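> Please find one structure pasted underneath; my questions will follow.
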Amino acid sequence: MTTTDLTAMTGLELMRWMQAERPTDIPSIGRLLGMRFDEVDHGRIVISLDTRPDFANPLGTVHGGIAATLLDSVMGCAVHTTLPAGAGYTTLELKVNYIRAARTDGQILTAEGNVIHAGRRTATAEGKVLDDQGKLMAHATTTCMIL
């Protein structure tokens with residue numbers, strides 16, 4: 001297990017650490033799905049993953065929960081980049097719009113999350129998922145409670 005004190009980092013520092021270190025010893029949804037932190041900035045996160053057959057729904061395309069998880073992750077992590085050390089957040093509301101299906105054959109999905117508002121008690125963000133051709137797969141908004 002890592003010996004880095006994650007609680008002493010600001011949200012932005014923690015996300016940049018995750019991007020640089022890519023810790024494999026910390027169980028997470030990102031590790032489970034193979035998420036990569038491609039870009040980390042204050043109020044903005046870009047994460048990508050490669051689809052695989054395990055992501056299939058009964059119709060043989062990527063399950064919508066994968067896109068929803070990507071969106072929840074990028075928007076929540078974008079909110080986290082605005083927080084001081086010791087602060088956290090939780091998703092209060094997630095609204096996802098699905099546009100088109102994704103293949104399960106290693107297609108790269110890239111999600112971008114951007115903070116719209118970061119207040120003392122709540123924050124809002126928006127996100128989108130694009131396929132490897134730049135086509136919109138899904139988009140979403142979220143409201144997070146600051147803890």
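In the structure tokens, each chain is lettered A, B, ... as it comes, each chain's residues begin at 1, and ligands are numbered from 1 in order of appearance.
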Counting only C-alpha atoms, what is within 10 Å of A:Met145, bar same-chain residues fewer than 3 positions away, as a list in words?

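Surrounding residues, per the criterion: Val79, Gly88, Tyr89, Thr90, Thr91, Leu92, Glu93, Ala118, Gly119, Arg120, Arg121, Thr122, Ala123 and Thr124 of chain A.
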
> Next, dump the selected residues to file, keeping only C-alpha atoms, as a CSV table (one decimal), in the first residue's frame.


```
chain,number,residue,atom,x,y,z
A,79,VAL,CA,-14.9,19.2,-8.6
A,88,GLY,CA,-14.3,15.8,0.1
A,89,TYR,CA,-17.4,15.6,-2.0
A,90,THR,CA,-20.2,13.2,-2.9
A,91,THR,CA,-22.5,13.1,-5.9
A,92,LEU,CA,-26.0,14.4,-5.1
A,93,GLU,CA,-27.4,14.2,-8.6
A,118,ALA,CA,-17.8,25.6,-7.0
A,119,GLY,CA,-19.4,26.9,-3.8
A,120,ARG,CA,-19.0,26.3,-0.1
A,121,ARG,CA,-21.7,23.6,0.1
A,122,THR,CA,-22.3,22.4,-3.4
A,123,ALA,CA,-20.6,22.3,-6.8
A,124,THR,CA,-21.9,21.7,-10.3
```

> When you look at A:Met15 with a cut-off of 12 Å (counting only C-alpha atoms), what residues show up, excluding the ones that are within fewer than 4 positions of it in the same chain? I need them as an MDAnalysis selection string.

chainID A and resid 6 9:11 19:23 36:47 73:74 76:83 85

> Can you list, as a list in words, every protein, DNA or RNA residue that comes within 7 Å of stretch 131-137 of chain A when you count only C-alpha atoms, leaving out same-chain residues fewer than 3 positions away?

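Near neighbours after the sequence-gap exclusion: Tyr98, Ile99, Arg100, Ala101, Gln107, Ile108, Leu109 and Thr110 of chain A.
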
> Go ahead and save the residues from that selection, with N, CA and C atoms, as a PDB file, in the first residue's frame.


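Below is the file part05.pdb, written as the result:
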```
ATOM      1  N   TYR A  98     -27.618   9.769 -23.222  1.00  0.00           N
ATOM      2  CA  TYR A  98     -26.889   8.856 -24.106  1.00  0.00           C
ATOM      3  C   TYR A  98     -27.196   9.214 -25.552  1.00  0.00           C
ATOM      4  N   ILE A  99     -26.166   9.304 -26.378  1.00  0.00           N
ATOM      5  CA  ILE A  99     -26.320   9.713 -27.769  1.00  0.00           C
ATOM      6  C   ILE A  99     -26.156   8.536 -28.729  1.00  0.00           C
ATOM      7  N   ARG A 100     -25.114   7.739 -28.519  1.00  0.00           N
ATOM      8  CA  ARG A 100     -24.868   6.578 -29.390  1.00  0.00           C
ATOM      9  C   ARG A 100     -24.120   5.512 -28.616  1.00  0.00           C
ATOM     10  N   ALA A 101     -24.169   4.290 -29.146  1.00  0.00           N
ATOM     11  CA  ALA A 101     -23.520   3.144 -28.505  1.00  0.00           C
ATOM     12  C   ALA A 101     -22.034   3.110 -28.838  1.00  0.00           C
ATOM     13  N   GLN A 107     -12.134   0.115 -28.349  1.00  0.00           N
ATOM     14  CA  GLN A 107     -12.376   1.510 -28.723  1.00  0.00           C
ATOM     15  C   GLN A 107     -11.982   2.407 -27.546  1.00  0.00           C
ATOM     16  N   ILE A 108     -11.290   3.497 -27.820  1.00  0.00           N
ATOM     17  CA  ILE A 108     -10.907   4.436 -26.764  1.00  0.00           C
ATOM     18  C   ILE A 108     -12.061   5.406 -26.539  1.00  0.00           C
ATOM     19  N   LEU A 109     -12.516   5.479 -25.303  1.00  0.00           N
ATOM     20  CA  LEU A 109     -13.503   6.470 -24.893  1.00  0.00           C
ATOM     21  C   LEU A 109     -12.794   7.511 -24.039  1.00  0.00           C
ATOM     22  N   THR A 110     -13.035   8.772 -24.348  1.00  0.00           N
ATOM     23  CA  THR A 110     -12.408   9.868 -23.617  1.00  0.00           C
ATOM     24  C   THR A 110     -13.500  10.732 -23.010  1.00  0.00           C
TER      25      THR A 110
END
```

> Could you write out, as an NGL selection string, all the residues of stretch 4-129 of chain A that DSSP marks as strand (DSSP E or B)?

:A and (36-41 or 44-50 or 56 or 62 or 89-98 or 108-118 or 122-129)

> Taking only chain A into account, list the residues labelled helix (DSSP H, G or I) by DSSP (computed from the backbone), as a PyMOL selection string.

chain A and resi 6-8+11-21+29-33+53-55+64-80

> Let me make sure I understand: among A:Leu71, A:His63, A:Val115, A:Thr4, which one has the smallest atom-to-atom distance to A:Gly30 if we use only C-alpha atoms?

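Ranked by minimum distance to A:Gly30, first place goes to A:Leu71.
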